[in-house]
file final15.tsv (TSV, C-alpha atoms)
chain	number	residue	atom	x	y	z
A	1	MET	CA	0.00	0.00	0.00
A	2	ALA	CA	1.25	3.50	-0.85
A	3	GLU	CA	2.17	5.82	2.00
A	4	PRO	CA	-0.71	8.09	3.07
A	5	LEU	CA	-0.55	11.82	2.51
A	6	ARG	CA	0.25	13.78	5.69
A	7	ILE	CA	-1.28	17.27	5.88
A	8	ALA	CA	-0.73	19.56	8.86
A	9	THR	CA	-1.20	23.07	10.16
A	10	TYR	CA	0.83	24.87	12.81
A	11	ASP	CA	1.05	28.37	14.26
A	12	ALA	CA	4.76	28.20	14.92
A	13	GLY	CA	5.07	31.61	16.60
A	14	LEU	CA	7.13	33.02	13.72
A	15	ARG	CA	5.97	36.62	14.13
A	16	ARG	CA	8.11	39.55	15.19
A	17	ASP	CA	7.61	43.24	16.05
A	18	GLY	CA	9.08	44.59	12.83
A	19	PRO	CA	9.94	43.69	9.23
A	20	GLY	CA	13.15	41.77	8.69
A	21	LEU	CA	13.41	40.52	12.28
A	22	LEU	CA	12.14	37.04	11.52
A	23	LEU	CA	14.66	36.60	8.70
A	24	ARG	CA	17.40	37.71	11.09
A	25	ASP	CA	16.28	35.25	13.77
A	26	ILE	CA	16.06	32.29	11.39
A	27	THR	CA	19.45	33.11	9.88
A	28	LEU	CA	21.12	33.54	13.29
A	29	ALA	CA	19.43	30.43	14.76
A	30	GLU	CA	17.65	32.38	17.52
A	31	ASP	CA	16.17	30.06	20.15
A	32	GLN	CA	12.46	30.44	19.35
A	33	ALA	CA	12.98	30.14	15.62
A	34	THR	CA	15.24	27.12	16.08
A	35	ALA	CA	12.65	25.45	18.32
A	36	ALA	CA	9.92	26.08	15.74
A	37	ILE	CA	12.11	24.61	13.00
A	38	ALA	CA	12.73	21.53	15.16
A	39	MET	CA	8.98	21.06	15.64
A	40	ILE	CA	8.31	21.41	11.91
A	41	ALA	CA	11.07	18.95	11.09
A	42	ALA	CA	9.69	16.43	13.60
A	43	LEU	CA	6.22	16.81	12.10
A	44	ARG	CA	7.44	15.68	8.65
A	45	ALA	CA	4.27	16.68	6.87
A	46	ASP	CA	3.94	16.32	3.12
A	47	ILE	CA	1.94	19.55	3.03
A	48	LEU	CA	2.17	22.09	5.84
A	49	LEU	CA	0.20	25.29	6.39
A	50	LEU	CA	1.97	27.71	8.71
A	51	THR	CA	-0.15	30.45	10.23
A	52	GLY	CA	1.15	33.44	12.14
A	53	MET	CA	4.38	33.68	10.13
A	54	ASP	CA	5.69	37.08	9.02
A	55	GLN	CA	5.93	37.41	5.25
A	56	ASP	CA	8.05	39.73	3.12
A	57	GLN	CA	7.68	40.68	-0.53
A	58	GLN	CA	10.56	38.53	-1.72
A	59	GLY	CA	9.64	35.49	0.40
A	60	ALA	CA	13.10	35.61	1.97
A	61	SER	CA	12.00	34.48	5.43
A	62	LEU	CA	10.12	31.51	4.01
A	63	ARG	CA	13.10	30.48	1.87
A	64	ALA	CA	15.40	30.76	4.89
A	65	LEU	CA	13.01	28.56	6.84
A	66	ALA	CA	12.97	25.97	4.05
A	67	GLU	CA	16.77	25.99	3.93
A	68	ALA	CA	16.96	25.43	7.69
A	69	LEU	CA	14.56	22.51	7.34
A	70	ALA	CA	16.56	21.06	4.44
A	71	ALA	CA	19.61	21.07	6.69
A	72	ARG	CA	17.62	18.74	8.95
A	73	GLY	CA	16.70	16.47	6.04
A	74	VAL	CA	13.16	17.80	5.51
A	75	HIS	CA	12.71	19.23	2.02
A	76	TYR	CA	9.92	21.49	0.77
A	77	PRO	CA	10.66	22.49	-2.84
A	78	HIS	CA	7.31	24.26	-3.25
A	79	LEU	CA	6.74	27.39	-1.16
A	80	VAL	CA	3.75	29.75	-1.23
A	81	PRO	CA	4.08	32.93	0.90
A	82	LEU	CA	0.73	34.64	1.51
A	83	ALA	CA	1.04	38.05	3.16
A	84	GLY	CA	-2.71	38.60	3.53
A	85	ASN	CA	-4.37	41.55	5.24
A	86	ARG	CA	-2.36	41.97	8.42
A	87	GLY	CA	-0.70	45.35	8.62
A	88	VAL	CA	-2.34	46.64	5.42
A	89	GLU	CA	-3.04	50.29	6.20
A	90	THR	CA	-6.50	51.81	5.71
A	91	GLY	CA	-6.04	55.41	6.87
A	92	LEU	CA	-9.15	55.03	9.04
A	93	ASP	CA	-9.92	54.24	12.65
A	94	LEU	CA	-10.95	50.58	12.46
A	95	ASP	CA	-10.65	49.64	16.13
A	96	GLY	CA	-12.73	52.51	17.53
A	97	ASP	CA	-10.04	54.05	19.73
A	98	GLY	CA	-10.46	57.48	18.14
A	99	ARG	CA	-7.13	57.38	16.31
A	100	SER	CA	-5.89	56.04	12.99
A	101	GLY	CA	-2.55	54.62	11.94
A	102	GLY	CA	-2.18	52.01	14.69
A	103	PRO	CA	-1.87	48.24	14.23
A	104	GLY	CA	-5.58	47.85	15.00
A	105	ASP	CA	-6.47	50.17	12.13
A	106	ALA	CA	-5.00	47.90	9.47
A	107	GLN	CA	-7.20	45.48	7.54
A	108	GLY	CA	-5.91	42.84	9.95
A	109	TRP	CA	-4.09	43.64	13.17
A	110	GLY	CA	-0.42	44.14	12.43
A	111	ARG	CA	2.46	46.57	12.76
A	112	PHE	CA	3.59	46.09	9.15
A	113	THR	CA	2.34	44.56	5.93
A	114	GLY	CA	2.77	40.80	6.00
A	115	ALA	CA	2.94	40.57	9.80
A	116	GLY	CA	1.73	37.17	10.98
A	117	GLY	CA	0.78	35.97	7.51
A	118	ILE	CA	0.29	32.48	6.09
A	119	ALA	CA	2.69	30.18	4.27
A	120	LEU	CA	2.32	26.85	2.53
A	121	LEU	CA	5.23	24.41	2.38
A	122	SER	CA	4.72	21.41	0.12
A	123	ARG	CA	6.63	18.45	-1.20
A	124	TYR	CA	4.36	18.58	-4.24
A	125	PRO	CA	3.66	21.26	-6.86
A	126	VAL	CA	1.07	23.96	-6.31
A	127	ASP	CA	-1.01	25.13	-9.26
A	128	PRO	CA	-0.59	28.93	-9.06
A	129	ALA	CA	-3.13	29.55	-11.82
A	130	GLY	CA	-5.80	27.79	-9.79
A	131	LEU	CA	-5.17	29.60	-6.51
A	132	ILE	CA	-8.21	31.57	-5.30
A	133	ASP	CA	-7.61	34.51	-2.97
A	134	MET	CA	-10.74	35.66	-1.12
A	135	SER	CA	-8.92	38.03	1.22
A	136	SER	CA	-10.24	41.20	-0.42
A	137	LEU	CA	-13.91	40.30	0.24
A	138	LEU	CA	-15.51	43.09	2.27
A	139	TRP	CA	-16.94	41.90	5.55
A	140	ARG	CA	-20.33	43.44	4.83
A	141	ASP	CA	-20.49	41.60	1.47
A	142	LEU	CA	-20.51	38.16	3.08
A	143	PRO	CA	-24.09	36.87	2.81
A	144	GLY	CA	-25.64	37.03	6.27
A	145	ALA	CA	-22.76	39.04	7.73
A	146	GLU	CA	-23.31	40.29	11.27
A	147	MET	CA	-21.71	43.72	11.57
A	148	PRO	CA	-20.89	45.27	14.96
A	149	GLN	CA	-22.88	48.15	16.34
A	150	LYS	CA	-22.57	50.48	19.31
A	151	ASP	CA	-25.44	52.60	20.59
A	152	GLY	CA	-27.44	51.68	17.50
A	153	GLN	CA	-24.74	52.92	15.10
A	154	ALA	CA	-22.25	51.10	12.89
A	155	PHE	CA	-19.07	50.39	14.85
A	156	PRO	CA	-16.65	52.02	14.59
A	157	SER	CA	-18.21	54.00	11.71
A	158	ASP	CA	-20.02	53.64	8.40
A	159	ALA	CA	-16.81	54.70	6.63
A	160	ALA	CA	-14.83	51.96	8.37
A	161	GLN	CA	-17.38	49.26	7.53
A	162	ALA	CA	-17.33	50.40	3.89
A	163	VAL	CA	-13.67	49.33	3.58
A	164	GLN	CA	-13.28	46.62	6.23
A	165	ARG	CA	-12.31	43.27	4.71
A	166	LEU	CA	-13.58	40.09	6.31
A	167	SER	CA	-10.26	38.23	6.39
A	168	SER	CA	-8.11	39.32	9.30
A	169	SER	CA	-5.26	37.39	7.71
A	170	GLY	CA	-6.44	35.58	4.57
A	171	HIS	CA	-8.73	32.98	3.02
A	172	TYR	CA	-7.30	30.91	0.16
A	173	ALA	CA	-8.18	27.91	-1.97
A	174	ILE	CA	-4.86	26.33	-2.95
A	175	PRO	CA	-4.71	23.43	-5.45
A	176	VAL	CA	-1.86	20.95	-4.96
A	177	ARG	CA	-0.91	18.20	-7.40
A	178	THR	CA	0.12	15.15	-5.38
A	179	PRO	CA	1.13	11.69	-6.67
A	180	LYS	CA	-2.21	10.50	-5.28
A	181	GLY	CA	-4.20	13.12	-7.18
A	182	ARG	CA	-5.08	16.78	-7.05
A	183	ILE	CA	-6.38	18.23	-3.78
A	184	THR	CA	-7.66	21.69	-2.87
A	185	LEU	CA	-6.61	23.18	0.46
A	186	LEU	CA	-8.97	25.73	2.02
A	187	ALA	CA	-6.56	27.71	4.17
A	188	PHE	CA	-7.17	30.52	6.65
A	189	ALA	CA	-6.35	32.10	10.00
A	190	ALA	CA	-9.13	33.92	11.85
A	191	THR	CA	-8.90	36.76	14.35
A	192	PRO	CA	-9.10	35.87	18.06
A	193	PRO	CA	-12.64	36.56	19.33
A	194	VAL	CA	-11.26	38.73	22.16
A	195	PHE	CA	-9.46	42.08	22.62
A	196	ASP	CA	-12.60	44.11	21.87
A	197	GLY	CA	-15.45	45.76	23.78
A	198	PRO	CA	-19.16	45.15	24.33
A	199	GLU	CA	-19.79	45.59	20.60
A	200	ASP	CA	-18.05	42.18	20.16
A	201	ALA	CA	-16.43	43.21	16.88
A	202	ASN	CA	-13.74	40.53	17.03
A	203	GLY	CA	-16.19	37.85	18.12
A	204	MET	CA	-18.46	38.66	15.17
A	205	ARG	CA	-15.58	38.82	12.74
A	206	ASN	CA	-14.14	35.51	13.92
A	207	ALA	CA	-17.51	33.83	13.44
A	208	ASP	CA	-17.98	35.25	9.96
A	209	GLU	CA	-14.43	34.29	8.94
A	210	ILE	CA	-15.40	30.70	9.70
A	211	ARG	CA	-18.78	31.07	7.97
A	212	LEU	CA	-17.07	32.23	4.77
A	213	TRP	CA	-16.29	28.62	3.85
A	214	ASP	CA	-19.93	27.61	3.92
A	215	ALA	CA	-20.81	30.58	1.71
A	216	LEU	CA	-18.07	29.65	-0.76
A	217	LEU	CA	-19.07	26.00	-1.03
A	218	ARG	CA	-22.78	26.88	-1.32
A	219	GLY	CA	-21.96	29.07	-4.31
A	220	ALA	CA	-23.10	32.20	-2.45
A	221	LEU	CA	-19.99	34.18	-3.41
A	222	ASP	CA	-19.22	35.55	-6.88
A	223	GLN	CA	-17.22	32.50	-7.95
A	224	PRO	CA	-17.76	28.76	-8.30
A	225	PRO	CA	-16.71	26.49	-5.43
A	226	PRO	CA	-13.16	25.16	-5.78
A	227	PRO	CA	-12.88	21.56	-7.01
A	228	ALA	CA	-13.03	18.57	-4.70
A	229	PRO	CA	-11.51	16.75	-2.93
A	230	ARG	CA	-10.88	19.47	-0.36
A	231	VAL	CA	-9.28	19.84	3.05
A	232	LEU	CA	-10.09	22.78	5.33
A	233	LEU	CA	-7.21	23.77	7.57
A	234	GLY	CA	-5.76	26.58	9.63
A	235	ASN	CA	-6.22	28.52	12.85
A	236	ALA	CA	-9.91	29.16	13.54
A	237	ASN	CA	-9.11	30.67	16.95
A	238	LEU	CA	-12.29	29.09	18.28
A	239	ASP	CA	-12.95	26.05	20.47
A	240	PRO	CA	-16.31	24.26	20.26
A	241	TYR	CA	-16.51	23.79	24.04
A	242	ASP	CA	-14.36	26.28	25.96
A	243	GLY	CA	-12.99	29.80	25.83
A	244	GLU	CA	-14.37	33.02	24.39
A	245	GLY	CA	-16.20	33.48	21.10
A	246	ARG	CA	-19.29	32.17	19.36
A	247	ARG	CA	-18.48	28.53	19.94
A	248	GLN	CA	-21.59	27.22	18.20
A	249	VAL	CA	-20.18	28.37	14.86
A	250	ILE	CA	-17.24	25.99	15.01
A	251	ALA	CA	-19.36	23.28	16.62
A	252	ASP	CA	-21.79	23.49	13.69
A	253	LEU	CA	-18.94	23.30	11.17
A	254	LEU	CA	-17.45	20.23	12.86
A	255	ALA	CA	-20.81	18.46	13.06
A	256	GLY	CA	-22.01	19.48	9.61
A	257	PRO	CA	-22.32	17.36	6.48
A	258	LEU	CA	-19.21	18.59	4.63
A	259	TRP	CA	-16.27	17.78	6.87
A	260	GLN	CA	-14.90	14.84	8.84
A	261	ASP	CA	-13.81	15.69	12.35
A	262	THR	CA	-11.47	12.91	13.38
A	263	GLY	CA	-10.72	14.64	16.67
A	264	PRO	CA	-6.92	14.64	16.34
A	265	ALA	CA	-5.48	14.15	19.80
A	266	ALA	CA	-2.18	13.99	21.64
A	267	PRO	CA	-1.20	10.64	23.19
A	268	THR	CA	-1.15	12.46	26.54
A	269	PRO	CA	-2.74	15.90	27.14
A	270	VAL	CA	-0.24	18.71	27.50
A	271	ALA	CA	-2.33	20.32	30.22
A	272	GLU	CA	-5.70	19.66	31.80
A	273	ASP	CA	-8.20	22.10	33.30
A	274	PRO	CA	-11.01	20.61	35.40
A	275	SER	CA	-13.23	23.58	34.53
A	276	HIS	CA	-13.05	22.83	30.79
A	277	VAL	CA	-15.65	20.78	28.96
A	278	GLY	CA	-13.72	19.77	25.85
A	279	PRO	CA	-11.26	16.85	25.73
A	280	ALA	CA	-7.85	18.11	26.82
A	281	ALA	CA	-5.99	15.77	24.47
A	282	GLN	CA	-7.49	17.64	21.49
A	283	ASP	CA	-6.23	21.05	22.65
A	284	THR	CA	-3.83	22.66	20.19
A	285	ALA	CA	-2.90	25.90	22.00
A	286	PHE	CA	-1.91	26.58	25.59
A	287	TRP	CA	-2.15	29.94	27.32
A	288	ARG	CA	-2.11	30.82	31.00
A	289	PRO	CA	-4.53	28.63	32.96
A	290	GLN	CA	-7.88	30.04	33.98
A	291	ALA	CA	-6.73	30.32	37.59
A	292	GLU	CA	-4.14	32.86	36.38
A	293	GLY	CA	-6.55	34.85	34.19
A	294	GLY	CA	-5.95	33.04	30.91
A	295	PRO	CA	-8.10	30.71	28.82
A	296	GLY	CA	-5.91	27.64	29.42
A	297	GLY	CA	-5.70	24.98	26.73
A	298	LEU	CA	-8.03	25.25	23.73
A	299	ARG	CA	-8.63	23.46	20.46
A	300	VAL	CA	-8.24	26.21	17.87
A	301	ASP	CA	-6.21	24.66	15.00
A	302	TYR	CA	-7.92	22.28	12.58
A	303	VAL	CA	-7.31	19.97	9.63
A	304	LEU	CA	-10.70	18.79	8.34
A	305	PRO	CA	-10.88	16.50	5.31
A	306	GLU	CA	-13.97	16.48	3.17
A	307	ARG	CA	-16.27	13.49	3.46
A	308	GLY	CA	-15.26	10.83	0.94
A	309	ILE	CA	-11.57	11.13	1.85
A	310	THR	CA	-10.23	8.15	3.78
A	311	VAL	CA	-8.52	9.20	7.01
A	312	VAL	CA	-5.76	6.78	8.03
A	313	ASN	CA	-4.53	8.55	11.17
A	314	SER	CA	-4.47	11.92	12.91
A	315	GLY	CA	-2.97	13.58	15.94
A	316	VAL	CA	-1.52	16.55	17.78
A	317	LEU	CA	2.27	16.70	17.97
A	318	VAL	CA	3.04	17.47	21.60
A	319	ASP	CA	6.79	17.82	21.24
A	320	VAL	CA	9.89	16.72	19.39
A	321	PRO	CA	10.39	13.03	20.17
A	322	GLY	CA	12.76	12.67	23.10
A	323	ALA	CA	12.42	16.27	24.30
A	324	THR	CA	11.89	16.77	28.02
A	325	GLY	CA	11.10	19.77	30.15
A	326	SER	CA	8.50	21.65	32.06
A	327	GLY	CA	5.40	21.31	29.90
A	328	ALA	CA	3.13	23.80	28.18
A	329	THR	CA	4.32	26.95	29.92
A	330	GLY	CA	8.02	26.20	30.43
A	331	SER	CA	10.86	28.33	29.09
A	332	GLY	CA	14.62	28.30	28.89
A	333	ALA	CA	17.10	25.56	28.18
A	334	GLY	CA	15.34	23.01	30.38
A	335	ALA	CA	11.91	23.41	28.83
A	336	ASP	CA	10.47	21.30	26.07
A	337	VAL	CA	11.05	22.35	22.48
A	338	ALA	CA	7.35	22.85	21.75
A	339	ALA	CA	6.86	25.41	24.53
A	340	ARG	CA	9.94	27.35	23.44
A	341	ALA	CA	8.54	27.52	19.92
A	342	SER	CA	4.93	28.52	20.36
A	343	THR	CA	1.78	28.48	22.44
A	344	HIS	CA	0.36	26.23	19.68
A	345	ARG	CA	1.04	22.62	18.72
A	346	PRO	CA	0.85	21.16	15.20
A	347	VAL	CA	-2.22	19.15	14.25
A	348	TRP	CA	-2.00	16.60	11.42
A	349	ILE	CA	-3.95	14.01	9.49
A	350	GLU	CA	-2.91	11.20	7.15
A	351	ILE	CA	-5.31	10.54	4.29
A	352	GLU	CA	-5.92	8.48	1.19
A	353	LEU	CA	-7.56	10.45	-1.59
A	354	PRO	CA	-10.56	9.03	-3.43
A	355	PRO	CA	-9.89	7.85	-7.00
A	356	PRO	CA	-10.35	10.65	-9.57
A	357	LEU	CA	-13.60	10.80	-11.50
A	358	ARG	CA	-13.36	9.54	-15.06

call {"tool": "encode", "arguments": {"input": "final15.tsv", "output": "structure tokens"}}
result
Amino acid sequence: MAEPLRIATYDAGLRRDGPGLLLRDITLAEDQATAAIAMIAALRADILLLTGMDQDQQGASLRALAEALAARGVHYPHLVPLAGNRGVETGLDLDGDGRSGGPGDAQGWGRFTGAGGIALLSRYPVDPAGLIDMSSLLWRDLPGAEMPQKDGQAFPSDAAQAVQRLSSSGHYAIPVRTPKGRITLLAFAATPPVFDGPEDANGMRNADEIRLWDALLRGALDQPPPPAPRVLLGNANLDPYDGEGRRQVIADLLAGPLWQDTGPAAPTPVAEDPSHVGPAAQDTAFWRPQAEGGPGGLRVDYVLPERGITVVNSGVLVDVPGATGSGATGSGAGADVAARASTHRPVWIEIELPPPLR
């Protein structure tokens, strides 16, 4: 039997406070960047979507990352940097603080264009002509969009809502030609449903970023749905059981008719919280525990194959095999590699594609 296709997503913490800093840190083998590279190498995915990775116009940081991985014996000849909406200036006050020009006034929160973008690393060729970029869709143009209001008025203003894009980072349909057949990846990273006020702007936006996929596949947008078979993956920043946000949105997506939720899980949970409802082994991100004012562990990263795709295996990579240390919140030389890299952990699936239609 042929080897299954391993597809993964990971927010590897590869974001910095200014342009060029990530390239510097990868090149100089800075500790966090090196830990992230070690996690990616241990994951050994055939196709990997990185979220929260700074992008530059020349793709230099992504190439440097690929070179560092190649030095570890993991080769990704096909790279797709996707800068998206983070840090794209609007000239307007988009966060309602009465000022413009700040990171919250960009199309997606960011201090510079390309901050915390998306990147695809693949062993197999990507069809650039077939790539669909939905990142310029205005939020208010999503069918059924719920726009924030304050005191009965558009928040933060009518002018802001007239230019506000839905994607805080980006939404993409990316066709990949694998030896087992062509597959379309539906890739995204949604805004956290927090860091706002009673108008719940980020909570609404997060929910609608997830709902975009349903609109696309129903044909409700101004373009045909991308071809099947498809895999939806990325950082939804929403847990179906715990944490902030409109949890029913992701619960409905997971339980709906389009996608298979295999419940990828770690062999042993990284951290457990007795106040949480969801299974701890499925958590993919780990912040301060609730007792310390944080949300604790949450399931926010997803790889969801379309129904009809055979899933062979799935899981959450807790750490580099053989690494030891102080768990989800450790730091320094004695901590595990995963915690030094990111608050997130990679989630992966192994699949067999259905035979192509003839």

call {"tool": "closest_residue", "arguments": {"input": "final15.tsv", "among": "A:Thr262, A:Leu21, A:Glu272, A:Pro354", "to": "Arg182 of chain A", "atoms": "only C-alpha atoms"}}
result
A:Pro354

call {"tool": "residues_near_point", "arguments": {"input": "final15.tsv", "point": "(-17.8, 20.9, 29.7)", "cutoff": "8 Å", "atoms": "only C-alpha atoms", "output": "PyMOL selection string"}}
result
chain A and resi 241-242+275-278

call {"tool": "closest_residue", "arguments": {"input": "final15.tsv", "among": "A:Ser342, A:Asn202, A:Thr184, A:Gln223", "to": "Glu306 of chain A", "atoms": "only C-alpha atoms"}}
result
A:Thr184

call {"tool": "closest_residue", "arguments": {"input": "final15.tsv", "among": "A:Phe155, A:Pro103, A:Val88, A:Leu65", "to": "Gly197 of chain A", "atoms": "only C-alpha atoms"}}
result
A:Phe155

call {"tool": "residues_around", "arguments": {"input": "final15.tsv", "residues": "segment 148-152 of chain A", "least_positions_apart": "6", "cutoff": "10 Å", "atoms": "all atoms listed in the file", "output": "VMD selection string"}}
result
chain A and resid 161 197 to 205

call {"tool": "closest_residue", "arguments": {"input": "final15.tsv", "among": "A:Gly98, A:Pro128, A:Ala154, A:Asn85", "to": "Ser167 of chain A", "atoms": "all atoms listed in the file"}}
result
A:Asn85

call {"tool": "closest_residue", "arguments": {"input": "final15.tsv", "among": "A:Pro321, A:Pro267, A:Pro257, A:Pro295", "to": "Arg307 of chain A", "atoms": "all atoms listed in the file"}}
result
A:Pro257

call {"tool": "atom_distance", "arguments": {"input": "final15.tsv", "atom1": "atom CA of Gln282 of chain A", "atom2": "atom CA of Met53 of chain A"}}
result
23.0 Å

call {"tool": "residues_around", "arguments": {"input": "final15.tsv", "residues": "Ala251 of chain A", "least_positions_apart": "2", "cutoff": "8 Å", "atoms": "only C-alpha atoms", "output": "NGL selection string"}}
result
:A and (239-241 or 247-249 or 253-255)

call {"tool": "write_last_selection", "arguments": {"input": "final15.tsv", "atoms": "C-alpha atoms", "output": "CSV table (one decimal), in the coordinates of the input"}}
result
chain,number,residue,atom,x,y,z
A,239,ASP,CA,-13.0,26.0,20.5
A,240,PRO,CA,-16.3,24.3,20.3
A,241,TYR,CA,-16.5,23.8,24.0
A,247,ARG,CA,-18.5,28.5,19.9
A,248,GLN,CA,-21.6,27.2,18.2
A,249,VAL,CA,-20.2,28.4,14.9
A,253,LEU,CA,-18.9,23.3,11.2
A,254,LEU,CA,-17.4,20.2,12.9
A,255,ALA,CA,-20.8,18.5,13.1

call {"tool": "atom_distance", "arguments": {"input": "final15.tsv", "atom1": "atom CA of Leu82 of chain A", "atom2": "atom CA of Ala64 of chain A"}}
result
15.5 Å
